Amino acid sequence: MGDFDALINTKDGIQSRRIFHDQAIYDLEMERIFARCWLFLTHESLIPNTGDYITTKMGQDNVIVVRQQSGKVRAFVNSCSHRGARVCAAEAGNTRSFVCSYHGWAYGIDGSLQGVPLEKEVYNNQLDKSSHGLVEVALVDNFCGFIYGCFDPQAPSLREYLGEAAWYLEAWMGAPGGTELIGPPSRSILYCNWKTPGENFIGDMYHVGWTHASSTQVLFSQSPLMALQGNASLPAPAEVMGMHFTSRGGHGAAITYGGRGGIYTTARENEMLLAWLAAQTPKVAERLGEVRAKFYNSAWDGTIFPNNSFLVGPNTFKVWLPRGPGAIEALTWTWVEKDMPKELKRIIARNMNQTFGTAGMLESEDADNMESMTQSNDGLVTRRGTLNAQMGLGREREDVVMPGVVSDAMINELSHRGFYRYYQEMLVAESWDELRANSSKWKKAHLER
Ligand code: FES
Ligand SMILES: [Fe+2]
């Protein structure tokens, strides 16, 4: 498979096109990234009661996430210990047990094997039920109500995994009254590699004025993003409009100052949101300080490594589930603040569906780019080439208030470079100990020119 240092040139912001297509690289991604990283599962608000569950995937493994009697959330591989059939076919629900559809083995919500049909007659009571429970996901934890799981017991805590990104994410995930996801998620299949939407959402503000020129005109009549149309000029110096950050762990985002309230379709709806933001922003400032209050009031596009993306403004929350090197299943939720008026939640959900829902206008435009990015790298000769993420290279810096590495321009590829730097590190590192050892050095390495 070759040398991974040749796949990603972290110093110059160059990536090999092979990473979007080779099956061998994809297999290694499953082993080294998806079996070791924290992956988004669900939100506290979607499984509030004992026995509430959802089913999803971690990498290509099917899992059940279920609320226990104790209130704790646990996750199990959705595959029967007998012959491997699924034990839960539904996407979400409430149950006291999971019963396999093949021969009827029944599991408690704690994953233990409770019932085996004809146990006495066909097993002569010799089946050791205690060693035939469902395989458990090693780690499950939540950050501000967003629940993540990790297969690797050696992994750092979720908080540590989020690195400096946690400081930023608190600005919206930690909204004063809490958040909720509106589920179940909508689902769509895209014929693209899982990294292409991740890198688009992690901070590609460059494409907004070009790819989305006409839909922003139709939908975002009051948005500051309107000014970007046609990528012909910036309304203000790029630094004034926003920033980029990248953190340990490959997470990152572009933040467009003051943009959140602009992304609404009618004046009346916008007034409602603006009034909400005006009332909440001082509370955020009191709790988290002025800088994060400004972020709370801004529009964001970001990705939590490896495959969890979000927008603040259109309030989109997404997971890109890999299905081989050339396909993904995209899951999309609307996120809202728990104590928002019902009417405002309804408006936000409708707006999210118009823009980034399965048939949303901007989603369709992005999907076309993502599919073409993947499919055009299919050719043998094309794959020998490289891709460029050099925008803003050399302008990244440290800040006294904002953690991680930042750059003073929202149109930037700093967070792309951070994503692929960590991607390479994960593929190469044999263990979490090795990754931990690099943690003290990553920032210096990133800033080195
Ligand atoms: S495969 Fe599940 S009971 Fe047989
Ligand atoms: Fe887009």
# chains A, B, ... in the order shown; residues from 1 in each chain; ligands from 1
>>> residues_around(residues="region 425-440 of chain A", least_positions_apart="2", cutoff="7 Å", atoms="only C-alpha atoms", output="compact mmCIF listing (two decimals) with C-alpha atoms, in the first residue's frame")
# COMPACT_ATOMS: atom_id res chain seq x y z
CA PHE A 4 1.45 7.21 4.16
CA LEU A 28 -7.26 0.65 6.84
CA GLU A 29 -9.52 3.64 7.57
CA ARG A 32 -7.46 2.62 12.31
CA ILE A 33 -10.05 5.42 12.28
CA GLN A 154 -7.67 2.53 25.03
CA ALA A 155 -9.06 5.74 23.51
CA ARG A 421 -2.94 15.99 9.18
CA TYR A 422 -4.83 14.00 11.82
CA TYR A 423 -6.19 11.56 9.23
CA TRP A 442 0.98 18.79 17.05
>>> residues_near_ligand(ligand="ligand 2", cutoff="8 Å", atoms="only C-alpha atoms and all ligand atoms", output="list in words")
Asn200, Phe201, Asp204, Met205, His207, Val208, Thr211, His212, Leu362, Glu363, Glu365 and Asp366 of chain A
>>> residues_near_ligand(ligand="ligand 1", cutoff="9 Å", atoms="only C-alpha atoms and all ligand atoms", output="list in words")
Ser79, Cys80, Ser81, His82, Arg83, Gly84, Ala85, Arg86, Val87, Val99, Cys100, Ser101, Tyr102, His103, Gly104, Trp105, Ala106, Val116 and Pro117 of chain A
>>> select_by_dssp(residues="region 54-246 of chain A", states="helix (DSSP H, G or I)", output="ChimeraX atom specification")
/A:119-123,129-131,158-162,165-173,195-201,208-211,213-219,224-231,238-241
>>> residues_around(residues="region 376-388 of chain A", least_positions_apart="4", cutoff="8 Å", atoms="only C-alpha atoms", output="ChimeraX atom specification")
/A:13-18,20-21,372
>>> select_by_dssp(residues="region 205-267 of chain A", states="strand (DSSP E or B)", output="list in words")
Gly242, Met243, His244, Phe245, Thr246, Gly252, Ala253, Ala254, Ile255 and Thr256 of chain A
>>> closest_residue(among="A:Thr55, A:Asn307, A:Leu273, A:Gly115", to="Cys88 (chain A)", atoms="only C-alpha atoms")
A:Thr55
